[in-house]
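Participant: So that you have it, the file is structure.csv, and it contains CSV, C-alpha atoms:
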```csv
chain,number,residue,atom,x,y,z
A,1,SER,CA,116.4,112.3,108.5
A,2,ARG,CA,116.1,108.6,107.6
A,3,LEU,CA,112.7,107.6,106.2
A,4,THR,CA,113.0,103.8,106.0
A,5,SER,CA,114.3,101.5,108.6
A,6,ASP,CA,113.8,98.1,107.0
A,7,PRO,CA,117.1,96.4,106.1
A,8,ALA,CA,115.8,95.4,102.6
A,9,VAL,CA,116.7,97.4,99.5
A,10,SER,CA,114.7,100.6,99.0
A,11,ALA,CA,115.1,102.1,95.5
A,12,ARG,CA,113.8,104.8,93.1
A,13,PRO,CA,112.2,107.2,95.5
A,14,ARG,CA,109.9,109.8,93.9
A,15,LEU,CA,108.5,112.9,95.6
A,16,ALA,CA,105.4,115.1,95.0
A,17,TRP,CA,104.4,118.4,96.7
A,18,ASN,CA,100.7,118.7,97.7
A,19,GLY,CA,100.7,122.3,98.8
A,20,GLY,CA,101.4,121.6,102.4
A,21,GLY,CA,103.7,118.6,102.5
A,22,TYR,CA,105.0,115.8,100.4
A,23,GLY,CA,104.2,112.3,99.3
A,24,VAL,CA,107.1,110.0,98.8
A,25,VAL,CA,106.9,106.6,97.0
A,26,TRP,CA,109.6,104.0,96.5
A,27,SER,CA,110.1,100.4,95.5
A,28,ASP,CA,111.1,98.1,98.4
A,29,ASP,CA,112.0,94.3,98.3
A,30,ARG,CA,111.3,93.5,102.0
A,31,HIS,CA,108.7,91.0,100.9
A,32,GLY,CA,110.9,89.2,98.4
A,33,GLU,CA,109.9,90.9,95.2
A,34,GLY,CA,109.7,94.7,94.8
A,35,GLU,CA,106.6,96.4,96.2
A,36,ILE,CA,105.6,100.1,96.2
A,37,TYR,CA,105.4,102.0,99.5
A,38,PHE,CA,104.1,105.5,100.3
A,39,LEU,CA,105.0,107.9,103.2
A,40,PRO,CA,103.4,111.3,103.8
A,41,LEU,CA,106.0,114.0,104.8
A,42,SER,CA,105.5,117.4,106.4
A,43,SER,CA,106.9,120.5,104.6
A,44,ASP,CA,110.2,120.1,106.5
A,45,GLY,CA,110.6,116.5,105.3
A,46,THR,CA,109.8,114.6,108.5
A,47,PRO,CA,107.2,111.8,108.4
A,48,ALA,CA,103.6,113.1,108.8
A,49,GLY,CA,101.9,109.7,109.0
A,50,VAL,CA,102.5,106.0,108.6
A,51,GLU,CA,104.4,104.2,105.9
A,52,ARG,CA,101.9,102.2,103.7
A,53,ARG,CA,102.4,99.4,101.3
A,54,VAL,CA,100.5,100.3,98.2
A,55,THR,CA,101.0,97.2,96.0
A,56,VAL,CA,100.1,93.7,97.1
A,57,ALA,CA,99.6,91.7,93.9
A,58,ALA,CA,101.8,88.7,92.9
A,59,GLY,CA,104.9,89.7,90.9
A,60,GLY,CA,107.2,92.6,91.4
A,61,ALA,CA,106.3,96.3,91.4
A,62,ARG,CA,109.0,98.9,90.6
A,63,GLU,CA,109.8,102.3,89.1
A,64,PRO,CA,107.0,104.3,90.9
A,65,GLN,CA,106.2,107.8,89.8
A,66,ILE,CA,103.8,110.2,91.7
A,67,ALA,CA,102.0,113.5,91.0
A,68,TRP,CA,99.5,115.6,93.0
A,69,THR,CA,96.2,116.5,91.2
A,70,GLY,CA,95.1,119.2,93.6
A,71,SER,CA,93.0,116.7,95.7
A,72,GLU,CA,94.9,113.4,95.7
A,73,TYR,CA,98.0,111.7,94.5
A,74,ALA,CA,98.2,109.9,91.2
A,75,LEU,CA,100.7,106.9,91.2
A,76,ILE,CA,102.0,104.8,88.3
A,77,TRP,CA,104.5,102.0,88.3
A,78,VAL,CA,105.8,99.0,86.4
A,79,ASP,CA,104.2,95.7,87.6
A,80,ASP,CA,104.9,92.0,86.7
A,81,ARG,CA,101.7,90.6,88.2
A,82,LEU,CA,100.5,89.3,84.8
A,83,GLY,CA,103.7,87.5,84.0
A,84,SER,CA,105.2,90.3,82.0
A,85,ALA,CA,105.7,94.0,82.6
A,86,GLU,CA,102.7,96.4,82.3
A,87,LEU,CA,102.0,99.8,83.8
A,88,PHE,CA,99.4,100.2,86.6
A,89,PHE,CA,97.8,103.3,88.2
A,90,GLN,CA,96.4,104.0,91.6
A,91,ARG,CA,94.9,107.1,93.3
A,92,LEU,CA,96.0,107.8,96.8
A,93,ASP,CA,94.7,110.3,99.4
A,94,ALA,CA,97.1,112.6,101.3
A,95,GLN,CA,97.9,109.7,103.8
A,96,GLY,CA,98.4,107.1,101.1
A,97,LEU,CA,95.1,105.3,101.3
A,98,PRO,CA,93.9,103.9,97.9
A,99,GLY,CA,91.0,105.6,96.1
A,100,GLY,CA,89.9,102.4,94.3
A,101,PRO,CA,91.3,99.4,92.7
A,102,ASP,CA,94.6,99.4,90.7
A,103,VAL,CA,94.0,100.4,87.0
A,104,ARG,CA,95.9,98.8,84.2
A,105,VAL,CA,97.4,101.4,81.9
A,106,THR,CA,99.2,99.4,79.2
A,107,PHE,CA,98.0,96.4,77.3
A,108,GLY,CA,100.8,94.5,75.6
A,109,ALA,CA,103.4,97.2,75.6
A,110,ALA,CA,106.9,95.6,75.1
A,111,ASN,CA,108.8,96.1,78.4
A,112,PRO,CA,107.3,99.4,79.5
A,113,ARG,CA,109.6,101.3,81.9
A,114,VAL,CA,110.5,104.7,83.3
A,115,PRO,CA,106.9,105.9,83.6
A,116,ARG,CA,106.2,109.6,84.3
A,117,LEU,CA,103.0,111.4,85.2
A,118,LEU,CA,101.8,115.0,84.7
A,119,TRP,CA,98.6,116.5,86.0
A,120,THR,CA,97.3,119.0,83.4
A,121,GLY,CA,94.6,120.5,85.6
A,122,THR,CA,91.9,118.3,83.9
A,123,GLN,CA,93.6,115.0,83.1
A,124,ILE,CA,96.7,113.0,83.7
A,125,ALA,CA,99.4,112.4,81.0
A,126,ALA,CA,101.3,109.1,81.4
A,127,VAL,CA,104.5,108.8,79.5
A,128,TRP,CA,106.9,105.8,79.4
A,129,LYS,CA,109.4,104.0,77.3
A,130,ASP,CA,108.8,100.6,75.6
A,131,ASP,CA,110.3,98.4,72.9
A,132,ARG,CA,107.3,97.6,70.7
A,133,GLU,CA,108.9,99.3,67.7
A,134,SER,CA,112.1,97.1,68.2
A,135,ASN,CA,114.0,99.9,69.9
A,136,GLY,CA,113.0,102.0,72.9
A,137,GLU,CA,110.6,104.8,72.1
A,138,PHE,CA,108.5,107.2,74.2
A,139,TRP,CA,104.7,106.7,74.4
A,140,LEU,CA,101.9,108.8,75.9
A,141,ALA,CA,98.5,107.8,77.2
A,142,PRO,CA,95.9,110.5,78.4
A,143,LEU,CA,94.2,109.3,81.6
A,144,ALA,CA,91.2,110.5,83.5
A,145,ARG,CA,91.7,111.4,87.2
A,146,ASP,CA,90.8,107.8,88.1
A,147,GLY,CA,93.4,106.3,85.7
A,148,VAL,CA,90.9,105.3,83.0
A,149,ARG,CA,92.4,105.8,79.6
A,150,LEU,CA,91.0,108.6,77.5
A,151,GLY,CA,92.5,107.4,74.2
A,152,GLY,CA,95.0,105.2,72.6
A,153,ASP,CA,98.8,105.3,72.9
A,154,VAL,CA,100.5,108.2,71.2
A,155,ARG,CA,104.0,107.5,69.9
A,156,LEU,CA,106.2,110.6,70.9
A,157,THR,CA,109.5,109.6,69.3
A,158,ASP,CA,110.8,108.0,66.2
A,159,SER,CA,114.5,107.5,66.8
A,160,PRO,CA,116.9,105.2,65.0
A,161,ALA,CA,118.6,104.8,68.4
A,162,SER,CA,117.0,104.0,71.7
A,163,VAL,CA,115.8,106.9,73.8
A,164,PHE,CA,116.5,107.0,77.5
A,165,ASP,CA,114.5,108.7,80.2
A,166,PRO,CA,111.4,110.8,79.7
A,167,ALA,CA,111.2,113.9,81.9
```
In structure tokens, how does this file's structure come out?
Facilitator:
Amino acid sequence: SRLTSDPAVSARPRLAWNGGGYGVVWSDDRHGEGEIYFLPLSSDGTPAGVERRVTVAAGGAREPQIAWTGSEYALIWVDDRLGSAELFFQRLDAQGLPGGPDVRVTFGAANPRVPRLLWTGTQIAAVWKDDRESNGEFWLAPLARDGVRLGGDVRLTDSPASVFDPA
């Protein structure tokens, strides 16, 4: 069934299973610049709550990624609120309500993009691509459940050619 009804562009949907249903996030430009939205879904894929706008800061938000931690969703996205792209993190409950303020994940990364999240059972691993080494490389940052960094960036690749999409 159709999940969005706004005529604006909805892009890059991502889905996470929470044990009884799904959380879906996407980027949507109905407010001019891209913003991140969340919708809870039942196990059969039908809406199980209301659509919620997650991001409200100036600048566009895009490329959301979502994971379930066992008690809440972890969400990461690319955000231009500071004038250049950085990654931000937010915790969401099962209905998409935020669990605190947005947390900045990257600091001066060069064009971070295609972020991914993995819940390890005790912490979150954030992985993304950026150009700080002149060509695109993959980077990892360990995060606590609330998005606070647990260490510095770890470079995962050292390729003479650009890498594409971490999975």
Participant: When distances are computed from only C-alpha atoms, which of A:Leu150, A:Leu92, A:Val54, A:Val114 shows the smallest separation from Phe138 in chain A?
Facilitator: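 Distance minimum relative to Phe138 in chain A lands on A:Val114.
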Participant: Quick one: everything within 9 Å of Glu51 in chain A, counting only C-alpha atoms, minus sequence neighbours fewer than 4 positions away in the same chain. Send it as a ChimeraX atom specification.
Facilitator: /A:3-4,37-40,47,95-96
Participant: If we count all atoms listed in the file, what is near range 6-21 of chain A at a cut-off of 12 Å, once residues fewer than 2 positions away on the same chain are taken out, given as number ranges by chain?
Facilitator: A: 2-4, 23-49, 51, 61-78, 92-95, 114-119
Participant: Store the residues picked out above in a file with C-alpha atoms, as a CSV table (one decimal), keeping the file's coordinate frame.
Facilitator:
```csv
chain,number,residue,atom,x,y,z
A,2,ARG,CA,116.1,108.6,107.6
A,3,LEU,CA,112.7,107.6,106.2
A,4,THR,CA,113.0,103.8,106.0
A,23,GLY,CA,104.2,112.3,99.3
A,24,VAL,CA,107.1,110.0,98.8
A,25,VAL,CA,106.9,106.6,97.0
A,26,TRP,CA,109.6,104.0,96.5
A,27,SER,CA,110.1,100.4,95.5
A,28,ASP,CA,111.1,98.1,98.4
A,29,ASP,CA,112.0,94.3,98.3
A,30,ARG,CA,111.3,93.5,102.0
A,31,HIS,CA,108.7,91.0,100.9
A,32,GLY,CA,110.9,89.2,98.4
A,33,GLU,CA,109.9,90.9,95.2
A,34,GLY,CA,109.7,94.7,94.8
A,35,GLU,CA,106.6,96.4,96.2
A,36,ILE,CA,105.6,100.1,96.2
A,37,TYR,CA,105.4,102.0,99.5
A,38,PHE,CA,104.1,105.5,100.3
A,39,LEU,CA,105.0,107.9,103.2
A,40,PRO,CA,103.4,111.3,103.8
A,41,LEU,CA,106.0,114.0,104.8
A,42,SER,CA,105.5,117.4,106.4
A,43,SER,CA,106.9,120.5,104.6
A,44,ASP,CA,110.2,120.1,106.5
A,45,GLY,CA,110.6,116.5,105.3
A,46,THR,CA,109.8,114.6,108.5
A,47,PRO,CA,107.2,111.8,108.4
A,48,ALA,CA,103.6,113.1,108.8
A,49,GLY,CA,101.9,109.7,109.0
A,51,GLU,CA,104.4,104.2,105.9
A,61,ALA,CA,106.3,96.3,91.4
A,62,ARG,CA,109.0,98.9,90.6
A,63,GLU,CA,109.8,102.3,89.1
A,64,PRO,CA,107.0,104.3,90.9
A,65,GLN,CA,106.2,107.8,89.8
A,66,ILE,CA,103.8,110.2,91.7
A,67,ALA,CA,102.0,113.5,91.0
A,68,TRP,CA,99.5,115.6,93.0
A,69,THR,CA,96.2,116.5,91.2
A,70,GLY,CA,95.1,119.2,93.6
A,71,SER,CA,93.0,116.7,95.7
A,72,GLU,CA,94.9,113.4,95.7
A,73,TYR,CA,98.0,111.7,94.5
A,74,ALA,CA,98.2,109.9,91.2
A,75,LEU,CA,100.7,106.9,91.2
A,76,ILE,CA,102.0,104.8,88.3
A,77,TRP,CA,104.5,102.0,88.3
A,78,VAL,CA,105.8,99.0,86.4
A,92,LEU,CA,96.0,107.8,96.8
A,93,ASP,CA,94.7,110.3,99.4
A,94,ALA,CA,97.1,112.6,101.3
A,95,GLN,CA,97.9,109.7,103.8
A,114,VAL,CA,110.5,104.7,83.3
A,115,PRO,CA,106.9,105.9,83.6
A,116,ARG,CA,106.2,109.6,84.3
A,117,LEU,CA,103.0,111.4,85.2
A,118,LEU,CA,101.8,115.0,84.7
A,119,TRP,CA,98.6,116.5,86.0
```
Participant: Provide the CA of Phe88 in chain A to CA of Thr106 in chain A distance in Å, to one decimal place.
Facilitator: 7.4 Å
Participant: In Å, with one decimal, what is the gap from CA of Gly121 in chain A to CA of Leu143 in chain A?
Facilitator: 11.9 Å
Participant: Find the residues around Gln90 in chain A up to 8 Å (all atoms listed in the file counted), leave out those fewer than 3 positions away in its own chain, and share them as number ranges by chain.
Facilitator: A: 74-76, 98-103, 146-147
Participant: Between CA of Asp130 in chain A and CA of Arg113 in chain A, measure the distance and give it in Å to one decimal.
Facilitator: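 So the two atoms, CA of Asp130 in chain A and CA of Arg113 in chain A, lie 6.4 Å apart.
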Participant: Quick one: everything within 10 Å of Gly83 in chain A, counting all atoms listed in the file, minus sequence neighbours fewer than 4 positions away in the same chain. Send it as a PyMOL selection string.
Facilitator: chain A and resi 58-60+79
Participant: Ranking A:Asp80, A:Ala85, A:Trp139, A:Asn111 by minimum distance to Arg155 in chain A and counting only C-alpha atoms, which one comes first?
Facilitator: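 Among A:Asp80, A:Ala85, A:Trp139, A:Asn111, it is A:Trp139 that comes nearest to Arg155 in chain A.
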Participant: Can you work out which one of A:Pro112, A:Phe89, A:Leu97, A:Trp128 has the shortest atom-to-atom distance to Val148 in chain A, counting only C-alpha atoms?
Facilitator: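 Looking only at the distances to Val148 in chain A, the closest residue turns out to be A:Phe89.
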Participant: Would you fill out range 21-32 of chain A with all heavy atoms and return it as an mmCIF file, in the coordinates of the input?
Facilitator:
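Output (part.cif):
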```
data_model
loop_
_atom_site.group_PDB
_atom_site.id
_atom_site.type_symbol
_atom_site.label_atom_id
_atom_site.label_comp_id
_atom_site.auth_asym_id
_atom_site.auth_seq_id
_atom_site.Cartn_x
_atom_site.Cartn_y
_atom_site.Cartn_z
ATOM 1 N N GLY A 21 102.731 119.674 102.126
ATOM 2 C CA GLY A 21 103.700 118.600 102.500
ATOM 3 C C GLY A 21 103.999 117.812 101.240
ATOM 4 O O GLY A 21 103.701 118.221 100.116
ATOM 5 N N TYR A 22 104.593 116.669 101.457
ATOM 6 C CA TYR A 22 105.000 115.800 100.400
ATOM 7 C C TYR A 22 104.431 114.431 100.486
ATOM 8 O O TYR A 22 104.082 113.986 101.571
ATOM 9 C CB TYR A 22 106.557 115.666 100.372
ATOM 10 C CG TYR A 22 107.325 116.937 100.265
ATOM 11 C CD1 TYR A 22 107.752 117.604 101.408
ATOM 12 C CD2 TYR A 22 107.645 117.465 99.026
ATOM 13 C CE1 TYR A 22 108.484 118.781 101.323
ATOM 14 C CE2 TYR A 22 108.376 118.641 98.928
ATOM 15 C CZ TYR A 22 108.794 119.293 100.083
ATOM 16 O OH TYR A 22 109.513 120.450 99.986
ATOM 17 N N GLY A 23 104.401 113.741 99.367
ATOM 18 C CA GLY A 23 104.200 112.300 99.300
ATOM 19 C C GLY A 23 105.390 111.690 98.698
ATOM 20 O O GLY A 23 105.835 112.160 97.645
ATOM 21 N N VAL A 24 105.973 110.693 99.330
ATOM 22 C CA VAL A 24 107.100 110.000 98.800
ATOM 23 C C VAL A 24 106.754 108.548 98.523
ATOM 24 O O VAL A 24 106.088 107.934 99.348
ATOM 25 C CB VAL A 24 108.394 110.156 99.638
ATOM 26 C CG1 VAL A 24 108.220 109.503 101.002
ATOM 27 C CG2 VAL A 24 109.626 109.598 98.944
ATOM 28 N N VAL A 25 107.134 108.027 97.368
ATOM 29 C CA VAL A 25 106.900 106.600 97.000
ATOM 30 C C VAL A 25 108.278 106.015 96.669
ATOM 31 O O VAL A 25 109.189 106.718 96.248
ATOM 32 C CB VAL A 25 105.941 106.434 95.854
ATOM 33 C CG1 VAL A 25 104.533 106.831 96.257
ATOM 34 C CG2 VAL A 25 106.379 107.175 94.618
ATOM 35 N N TRP A 26 108.385 104.710 96.855
ATOM 36 C CA TRP A 26 109.600 104.000 96.500
ATOM 37 C C TRP A 26 109.281 102.534 96.299
ATOM 38 O O TRP A 26 108.245 102.046 96.707
ATOM 39 C CB TRP A 26 110.705 104.203 97.534
ATOM 40 C CG TRP A 26 110.426 103.557 98.860
ATOM 41 C CD1 TRP A 26 110.828 102.321 99.276
ATOM 42 C CD2 TRP A 26 109.679 104.112 99.953
ATOM 43 N NE1 TRP A 26 110.374 102.068 100.553
ATOM 44 C CE2 TRP A 26 109.666 103.151 100.991
ATOM 45 C CE3 TRP A 26 109.008 105.314 100.152
ATOM 46 C CZ2 TRP A 26 109.012 103.370 102.204
ATOM 47 C CZ3 TRP A 26 108.357 105.518 101.358
ATOM 48 C CH2 TRP A 26 108.373 104.562 102.370
ATOM 49 N N SER A 27 110.230 101.817 95.681
ATOM 50 C CA SER A 27 110.100 100.400 95.500
ATOM 51 C C SER A 27 110.996 99.745 96.630
ATOM 52 O O SER A 27 112.087 100.220 96.932
ATOM 53 C CB SER A 27 110.667 99.952 94.151
ATOM 54 O OG SER A 27 110.602 98.556 94.003
ATOM 55 N N ASP A 28 110.487 98.672 97.233
ATOM 56 C CA ASP A 28 111.100 98.100 98.400
ATOM 57 C C ASP A 28 111.001 96.545 98.276
ATOM 58 O O ASP A 28 109.916 96.054 97.975
ATOM 59 C CB ASP A 28 110.416 98.572 99.646
ATOM 60 C CG ASP A 28 111.144 98.283 100.923
ATOM 61 O OD1 ASP A 28 111.439 97.103 101.182
ATOM 62 O OD2 ASP A 28 111.398 99.237 101.674
ATOM 63 N N ASP A 29 112.078 95.799 98.505
ATOM 64 C CA ASP A 29 112.000 94.300 98.300
ATOM 65 C C ASP A 29 111.937 93.563 99.660
ATOM 66 O O ASP A 29 112.287 92.396 99.715
ATOM 67 C CB ASP A 29 113.140 93.835 97.466
ATOM 68 C CG ASP A 29 114.513 93.964 98.092
ATOM 69 O OD1 ASP A 29 114.627 94.464 99.228
ATOM 70 O OD2 ASP A 29 115.494 93.553 97.451
ATOM 71 N N ARG A 30 111.419 94.163 100.701
ATOM 72 C CA ARG A 30 111.300 93.500 102.000
ATOM 73 C C ARG A 30 110.430 92.256 102.003
ATOM 74 O O ARG A 30 110.511 91.430 102.893
ATOM 75 C CB ARG A 30 110.922 94.445 103.102
ATOM 76 C CG ARG A 30 109.497 94.914 103.009
ATOM 77 C CD ARG A 30 109.134 95.890 104.090
ATOM 78 N NE ARG A 30 109.649 97.211 103.758
ATOM 79 C CZ ARG A 30 109.354 98.303 104.421
ATOM 80 N NH1 ARG A 30 108.544 98.246 105.461
ATOM 81 N NH2 ARG A 30 109.849 99.460 104.056
ATOM 82 N N HIS A 31 109.560 92.130 101.001
ATOM 83 C CA HIS A 31 108.700 91.000 100.900
ATOM 84 C C HIS A 31 109.105 89.999 99.831
ATOM 85 O O HIS A 31 108.318 89.190 99.377
ATOM 86 C CB HIS A 31 107.227 91.430 100.673
ATOM 87 C CG HIS A 31 106.667 92.215 101.806
ATOM 88 N ND1 HIS A 31 106.279 91.645 102.986
ATOM 89 C CD2 HIS A 31 106.487 93.543 101.958
ATOM 90 C CE1 HIS A 31 105.854 92.585 103.810
ATOM 91 N NE2 HIS A 31 105.974 93.742 103.207
ATOM 92 N N GLY A 32 110.345 90.070 99.415
ATOM 93 C CA GLY A 32 110.900 89.200 98.400
ATOM 94 C C GLY A 32 110.993 89.848 97.049
ATOM 95 O O GLY A 32 112.069 90.058 96.541
#
```
